[in-house]
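K.L.:
Dumping the structure here so I can ask a few things about it.
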2 protein chains.
Amino acid sequence: MSYAKLDAHCRSLGALEHALAILGTDEATHMAPGGGEQRAEAMASLSGMHHRQATTPEVGDWIEAAKAEALDPEQKTAVSELERSYINMTCLPSDFVERKMRTSMRSEQLWRAARPNGDWKTFEPALQEVVEMTREEASMRADVLGLAPYDALMEQFDPGNRTETVTPVFEELKSFLVEFLPRALDAQEQRHAKCPLKALSGDYPVERQKALGIAMMKAVGFDMNHGSLSISDHPFCGGVPSDVRMTTRYRTDEFLSALMGILHETGHGLYEQNLPKQWAHWPSGKARGMSIHESQSLFVEKQIGRNPAFWTFALPLVDRYLQENWSMEDLLPHVHLIKRGKIRVDADEVTYPLHVILRYELEQELLAGRLEVKDLPEAWDIRMQASLGISTLDDPKNGPMQDVHWPSGAFGYFPSYTLGALMAAQQWAAIVKINPDVDRQIAAGDFEAVNAWRRDNIWSKASTASTPEILRQATGEVLNPAYFIAHLEARYGG
Amino acid sequence: MSYAKLDAHCRSLGALEHALAILGTDEATHMAPGGGEQRAEAMASLSGMHHRQATTPEVGDWIEAAKAEALDPEQKTAVSELERSYINMTCLPSDFVERKMRTSMRSEQLWRAARPNGDWKTFEPALQEVVEMTREEASMRADVLGLAPYDALMEQFDPGNRTETVTPVFEELKSFLVEFLPRALDAQEQRHAKCPLKALSGDYPVERQKALGIAMMKAVGFDMNHGSLSISDHPFCGGVPSDVRMTTRYRTDEFLSALMGILHETGHGLYEQNLPKQWAHWPSGKARGMSIHESQSLFVEKQIGRNPAFWTFALPLVDRYLQENWSMEDLLPHVHLIKRGKIRVDADEVTYPLHVILRYELEQELLAGRLEVKDLPEAWDIRMQASLGISTLDDPKNGPMQDVHWPSGAFGYFPSYTLGALMAAQQWAAIVKINPDVDRQIAAGDFEAVNAWRRDNIWSKASTASTPEILRQATGEVLNPAYFIAHLEARYGG
Ligand SMILES: [Zn+2]
Ligand SMILES: [Zn+2]
């Protein structure tokens, strides 16, 4: 039976994915400094094995044969999702895949070297090469998938996301934000004038911050029997669903940034831990994609973690672990601080989408050939000035050189961040609608109702439907920016 | 060129070995408690991949072809060592390998369950089954390798070790020890009567013990850029040569057991770190086998770490890290404490070989069919009484049920421990012969001369010759128990 062959095939790939996930996490957390070269070689070799096994022509034959077998609905979904993944993995000739990997590795290395000095001139030709290859790639993917080129790129990260729906949503959001941001900053200024911002600084040993972080993780539903929290230079959520490896970094002079980072990664971790275990090795049992994943992390970080109700529950914990008796009035202005800035990763929830939409627009221009890399700094600057009122023309390091995505060849990825923020707000609204008591529950440290809804509507769905379809089934409507806009109005409108 | 194909083949196997080594270490040190099931499945699948790749018939063809190619001497050695490993891996039919793995896994699980209560009756049939399969295995290996059955088993762990040379050495050692042990115990009693043993207890926080351990590791030559020290239930040395993962466990009421454990594992780690890097992926570039590995750990633990000269260097470090100003007179009696006991892993360097020789003799009886498992408790007891003067007849948990080796199907492994101790003494003697100044160097914390000899004569040799041949080239003679015997006489003879 071909279905059984596919099941064994997925298990074998799953073992390699398990190894790559743990080796990747280990590299960032526990590897000896000198172990990197051998680790890189081993991981490249295992990735190659994975790619060869995943794309072997037999798999295509088994998929065809399995479609004719008597399967139950879950098995049918599993086979069709495997087919989707198989097509996405086999749609590029393998010599192109290798050429692209070499080009983007070179470009990423060059970027790492040139970025600290903002040396755009050195970096420019490498990025131009990546853009040219990505144009080729998009057109090949588009041909196989029957999609527009940019849609074919987004399809890798979020199956079903299309510019046709994303662009009008982003247009509406941008119009709103350009009007809203000055108003929200004004409102904040007035609040701070009335009640000056009080520094939350102190001396917070790493061990106590970690204990506080773990207490919060457990409270919001993270299962410490299937996960852990350690330290790395850049916070992330890695590992495997049965053993989710969360990381953060600490400053000892303040606690809020590490804690909000932990809440964000806990959102990713909850999604992974609650995927359906019996389908763990099939693509249909894995997390859907980048935007739903980000909707889960932003749900915990922004919808729960920056909700004043949450701090009714959380402030006593801060007091217990850090011996700091902050009041709601001390804390909330920090949790809700907004600020114009050049850097996407430092942005708050009001300004972040403007950074993303700028990239979304520019990468489409680049790929369509309406913009060339040499003109990117100016194009970036014009949009930056229009949306955030900031110029980066003299500061390419903090302009078009700030992100790793383009130098490493990841185009079509950026929209996921803001789509995740929109979806998180839409999910929150769906919960509030059927459970108006949710703020009171959260203030009491009871996250079960919120998690039950997410378990039923998001986590258990894994990859059994496309990204937009999962959102529609969960919330009863398609992507609608009104919820996120209302959320920002309520929280920052003054 | 077939040699190039073999090189790529070894690199690919090396990636899987890297993954298995790191996953194995991670399991014992950082895995979430609930992650075990998925980890076991992933590792079994990766091991299967490794076995299939390693034993694919093409490799045999490439080896044959490569032998006819123009290769330099190192390449020739690499191919012939790969051939040795290929033959050892392919000499059993794959259905037998699977059957044996299932049988020994079941038996090991049963052992884990039955051991705490010393339930020999429940365990006995499982062990009987393992013994029967191992008899089959030994005979198949013997046929392919042209060796006696027990030699064919030892060959897996120590290429070139033969009963023909090991048995007379062990006979001589046993005769000596049976006479020596009562004498050494007497001498110890007299020393303790004159100067009573002073407890080395105190309150030693884990972090300070770890800092002391790392200071010692660095001092004896461990490269912290290519390794680390963490905590696990059972100390071990895992990982890969570029990233050696050492572990230990700590008690906070005394420091000596963790520290001696660290020194032991450091010996293993030094060997791994100093293997020739350019051959890391070929069998000829890997550690030779269990007995040479153990000779390296015992060299550091016993020849260096229990040498009084070492403590001239080490006591000030103990004082610096633990704030304990122990004198040589306080400490040495603990470092040199000897004691009859039932348990191999708790034994000191005088009694340990008696435990090993007992197993070496009994496992040969079992495999030859001169002894059956049902008669093992009596046979064990008789030898235990004769060599150590202790009965285990009423205590199978601390008799034939104490070790994991037999229940897991590892026969032919035990002699490695004592061969390692003998070789360590022989290597030490070879060093002293050309460098009579060695004690003074060690007392001054200078381990470079000792390490230079080991680097040239052991570490850099990796698997370029058989176990006995490496010893012979290094020390100028074949295995000779006189050095170990002289070492025990000098240290414990009174
Ligand atoms: Zn995230
Ligand atoms: Zn050892």
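Here's how to read the names in the structure tokens: chain A, B, ... by the order shown, residue numbers from 1 in each chain, ligand numbers from 1 in the order shown.
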Should the cut-off be 10 Å, what would the residue list for chain A against chain B look like, counting only C-alpha atoms, as a PyMOL selection string?

P.N.:
chain A and resi 11-20+22-23+26+30-49+223-230+239-245+280

K.L.:
For His334 in chain B, work out the shell of residues within 10 Å, counting only C-alpha atoms and skipping chain neighbours fewer than 5 positions away, then give it as an MDAnalysis selection string.

P.N.:
chainID B and resid 197:200 256 306 329

K.L.:
With C-alpha atoms kept, could you save the residues just selected as an mmCIF file, in the first residue's frame?

P.N.:
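So result_36.cif came out as:
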```cif
data_model
loop_
_atom_site.group_PDB
_atom_site.id
_atom_site.type_symbol
_atom_site.label_atom_id
_atom_site.label_comp_id
_atom_site.auth_asym_id
_atom_site.auth_seq_id
_atom_site.Cartn_x
_atom_site.Cartn_y
_atom_site.Cartn_z
ATOM 1 C CA LEU B 197 41.201 9.100 58.044
ATOM 2 C CA LYS B 198 39.876 12.647 58.210
ATOM 3 C CA ALA B 199 36.549 13.322 56.461
ATOM 4 C CA LEU B 200 36.827 15.699 53.508
ATOM 5 C CA LEU B 256 36.461 14.485 45.457
ATOM 6 C CA ARG B 306 46.095 10.002 41.953
ATOM 7 C CA GLU B 329 48.078 14.163 54.633
#
```

K.L.:
Show me which residues sit within 8 Å of ligand 1 when counting only C-alpha atoms and all ligand atoms, and put them as a CSV table (one decimal) with C-alpha atoms, in the first residue's frame.

P.N.:
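Generated output (out23.csv):
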```csv
chain,number,residue,atom,x,y,z
A,236,PHE,CA,14.0,32.0,19.4
A,264,HIS,CA,6.4,36.0,22.5
A,265,GLU,CA,8.3,32.8,22.2
A,268,HIS,CA,5.3,30.0,19.3
A,293,HIS,CA,2.9,31.0,13.8
A,294,GLU,CA,3.4,34.7,14.3
A,297,SER,CA,3.4,34.5,19.4
A,298,LEU,CA,1.8,37.9,19.0
A,417,TYR,CA,4.8,39.4,10.5
```

K.L.:
Would you mind telling me which residue in B:Pro400, B:Pro377, B:Gly420, B:Pro57 lies nearest to ligand 2 when using only C-alpha atoms and all ligand atoms?

P.N.:
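Between B:Pro400, B:Pro377, B:Gly420, B:Pro57, the residue approaching ligand 2 most closely is B:Gly420.
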
K.L.:
Give the residue list for ligand 2 at 12 Å, counting only C-alpha atoms and all ligand atoms, as a ChimeraX atom specification, sorted by chain and then by residue number.

P.N.:
/B:234-238,246-247,260-269,271,289-302,345,414,416-421

K.L.:
Might you pull out every residue within 10 Å of Ala486 in chain B, with only C-alpha atoms counted and same-chain residues fewer than 5 positions away left off, and present them as a list in words?

P.N.:
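The residues satisfying every condition are Ala425, Ala429, Pro481, Arg491, Tyr492 and Gly493 of chain B.
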
K.L.:
Using DSSP on the backbone coordinates, identify all residues within range 187-375 of chain B classified as alpha helix (DSSP H); present the result as an NGL selection string.

P.N.:
:B and (187-194 or 206-219 or 256-273 or 290-298 or 308-322 or 328-335 or 352-368)

K.L.:
Can you state the RMSD, in Å, between chain B and chain A once they are superposed by least squares on every Cα paired in order?

P.N.:
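Least-squares fit of chain B onto chain A, C-alpha RMSD 0.0 Å.
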
K.L.:
Please measure the separation of CA of Ser139 in chain B and CA of Asp151 in chain B, giving the value in Å to one decimal.

P.N.:
10.3 Å

K.L.:
DSSP on the backbone: what in range 41-290 of chain B comes out strand (DSSP E or B), as a short mmCIF file (atom, residue, chain, number, x, y, z; two decimals) with C-alpha atoms, in the first residue's frame?

P.N.:
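After the write, selection12.cif holds the following:
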```cif
data_model
loop_
_atom_site.label_atom_id
_atom_site.label_comp_id
_atom_site.auth_asym_id
_atom_site.auth_seq_id
_atom_site.Cartn_x
_atom_site.Cartn_y
_atom_site.Cartn_z
CA GLY B 227 34.33 21.27 24.53
CA SER B 228 32.27 21.90 27.62
CA LEU B 229 31.30 20.44 30.97
CA SER B 230 27.70 19.95 32.03
CA ILE B 231 25.64 17.81 34.39
CA CYS B 237 32.30 12.02 27.61
CA GLY B 238 30.23 12.42 24.46
CA GLY B 239 29.85 14.80 21.57
CA VAL B 240 32.31 15.05 18.68
CA ASP B 243 32.92 19.80 20.47
CA VAL B 244 33.57 17.30 23.26
CA ARG B 245 30.68 17.14 25.73
CA MET B 246 31.87 16.11 29.16
CA THR B 247 29.46 15.61 32.01
CA THR B 248 29.65 14.90 35.69
#
```

K.L.:
Quick one: everything within 10 Å of Ala152 in chain A, counting only C-alpha atoms, minus sequence neighbours fewer than 6 positions away in the same chain. Send it as a VMD selection string.

P.N.:
chain A and resid 88 137 to 146 158 to 162 412

K.L.:
Could the residues in this selection be saved with N, CA, C and O atoms as an mmCIF file, in the first residue's frame?

P.N.:
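New file out-v9.cif:
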```
data_model
loop_
_atom_site.group_PDB
_atom_site.id
_atom_site.type_symbol
_atom_site.label_atom_id
_atom_site.label_comp_id
_atom_site.auth_asym_id
_atom_site.auth_seq_id
_atom_site.Cartn_x
_atom_site.Cartn_y
_atom_site.Cartn_z
ATOM 1 N N ASN A 88 6.187 21.913 -4.074
ATOM 2 C CA ASN A 88 6.986 23.094 -3.731
ATOM 3 C C ASN A 88 8.479 22.778 -3.641
ATOM 4 O O ASN A 88 9.318 23.630 -3.903
ATOM 5 N N GLU A 137 13.705 32.374 -9.841
ATOM 6 C CA GLU A 137 13.042 31.387 -8.991
ATOM 7 C C GLU A 137 11.531 31.621 -8.960
ATOM 8 O O GLU A 137 10.740 30.684 -9.115
ATOM 9 N N ALA A 138 11.143 32.883 -8.790
ATOM 10 C CA ALA A 138 9.714 33.200 -8.693
ATOM 11 C C ALA A 138 9.009 32.807 -9.982
ATOM 12 O O ALA A 138 7.897 32.260 -9.949
ATOM 13 N N SER A 139 9.672 33.035 -11.096
ATOM 14 C CA SER A 139 9.001 32.727 -12.358
ATOM 15 C C SER A 139 8.883 31.209 -12.542
ATOM 16 O O SER A 139 7.865 30.708 -13.008
ATOM 17 N N MET A 140 9.904 30.459 -12.120
ATOM 18 C CA MET A 140 9.798 28.989 -12.207
ATOM 19 C C MET A 140 8.722 28.458 -11.275
ATOM 20 O O MET A 140 7.918 27.611 -11.651
ATOM 21 N N ARG A 141 8.711 28.944 -10.034
ATOM 22 C CA ARG A 141 7.668 28.512 -9.092
ATOM 23 C C ARG A 141 6.277 28.864 -9.619
ATOM 24 O O ARG A 141 5.333 28.082 -9.514
ATOM 25 N N ALA A 142 6.165 30.064 -10.178
ATOM 26 C CA ALA A 142 4.879 30.533 -10.686
ATOM 27 C C ALA A 142 4.368 29.615 -11.795
ATOM 28 O O ALA A 142 3.187 29.256 -11.822
ATOM 29 N N ASP A 143 5.279 29.208 -12.694
ATOM 30 C CA ASP A 143 4.868 28.326 -13.782
ATOM 31 C C ASP A 143 4.306 27.014 -13.259
ATOM 32 O O ASP A 143 3.267 26.545 -13.687
ATOM 33 N N VAL A 144 5.054 26.407 -12.302
ATOM 34 C CA VAL A 144 4.611 25.106 -11.791
ATOM 35 C C VAL A 144 3.309 25.230 -11.004
ATOM 36 O O VAL A 144 2.413 24.395 -11.123
ATOM 37 N N LEU A 145 3.206 26.279 -10.198
ATOM 38 C CA LEU A 145 2.067 26.381 -9.282
ATOM 39 C C LEU A 145 0.870 27.090 -9.907
ATOM 40 O O LEU A 145 -0.215 27.102 -9.316
ATOM 41 N N GLY A 146 1.080 27.709 -11.067
ATOM 42 C CA GLY A 146 -0.019 28.460 -11.678
ATOM 43 C C GLY A 146 -0.386 29.690 -10.869
ATOM 44 O O GLY A 146 -1.558 30.027 -10.695
ATOM 45 N N ASP A 158 3.460 30.730 3.554
ATOM 46 C CA ASP A 158 2.067 30.774 3.971
ATOM 47 C C ASP A 158 1.168 30.307 2.845
ATOM 48 O O ASP A 158 0.678 31.124 2.065
ATOM 49 N N PRO A 159 0.919 29.012 2.776
ATOM 50 C CA PRO A 159 0.102 28.513 1.675
ATOM 51 C C PRO A 159 -1.254 29.219 1.627
ATOM 52 O O PRO A 159 -1.962 29.289 2.626
ATOM 53 N N GLY A 160 -1.581 29.743 0.469
ATOM 54 C CA GLY A 160 -2.883 30.378 0.285
ATOM 55 C C GLY A 160 -2.862 31.892 0.387
ATOM 56 O O GLY A 160 -3.832 32.551 -0.006
ATOM 57 N N ASN A 161 -1.800 32.475 0.917
ATOM 58 C CA ASN A 161 -1.745 33.945 0.971
ATOM 59 C C ASN A 161 -1.476 34.504 -0.426
ATOM 60 O O ASN A 161 -0.579 34.031 -1.122
ATOM 61 N N ARG A 162 -2.272 35.494 -0.827
ATOM 62 C CA ARG A 162 -2.167 36.074 -2.164
ATOM 63 C C ARG A 162 -2.134 37.591 -2.072
ATOM 64 O O ARG A 162 -2.846 38.170 -1.247
ATOM 65 N N GLY A 412 9.230 37.440 0.114
ATOM 66 C CA GLY A 412 7.868 36.933 0.291
ATOM 67 C C GLY A 412 7.599 36.540 1.734
ATOM 68 O O GLY A 412 6.522 36.031 2.066
#
```

K.L.:
List as a short mmCIF file (atom, residue, chain, number, x, y, z; two decimals) with N, CA and C atoms, in the first residue's frame the protein and nucleic acid residues near Gly445 in chain A, meaning an atom at most 9 Å away when only C-alpha atoms are counted, but skip any in the same chain fewer than 3 places from it.

P.N.:
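Just written: result-v1.cif:
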```cif
data_model
loop_
_atom_site.label_atom_id
_atom_site.label_comp_id
_atom_site.auth_asym_id
_atom_site.auth_seq_id
_atom_site.Cartn_x
_atom_site.Cartn_y
_atom_site.Cartn_z
N ALA A 219 2.14 29.53 33.56
CA ALA A 219 0.81 30.11 33.78
C ALA A 219 0.03 30.19 32.48
N VAL A 220 0.69 30.61 31.39
CA VAL A 220 -0.06 30.75 30.15
C VAL A 220 -0.21 29.42 29.40
N PHE A 310 -3.77 41.42 32.08
CA PHE A 310 -2.69 40.47 32.31
C PHE A 310 -1.81 40.92 33.47
N THR A 312 -2.61 42.67 36.06
CA THR A 312 -3.25 42.44 37.36
C THR A 312 -2.77 41.11 37.91
N PHE A 313 -2.68 40.12 37.00
CA PHE A 313 -2.16 38.82 37.38
C PHE A 313 -0.64 38.82 37.54
N ALA A 314 0.06 39.54 36.64
CA ALA A 314 1.51 39.40 36.54
C ALA A 314 2.29 40.23 37.57
N ARG A 440 -11.44 39.31 32.73
CA ARG A 440 -11.51 38.95 34.14
C ARG A 440 -10.76 37.63 34.40
N GLN A 441 -10.92 36.67 33.46
CA GLN A 441 -10.21 35.38 33.59
C GLN A 441 -8.70 35.60 33.60
N ILE A 442 -8.24 36.40 32.65
CA ILE A 442 -6.79 36.62 32.54
C ILE A 442 -6.26 37.34 33.78
#
```
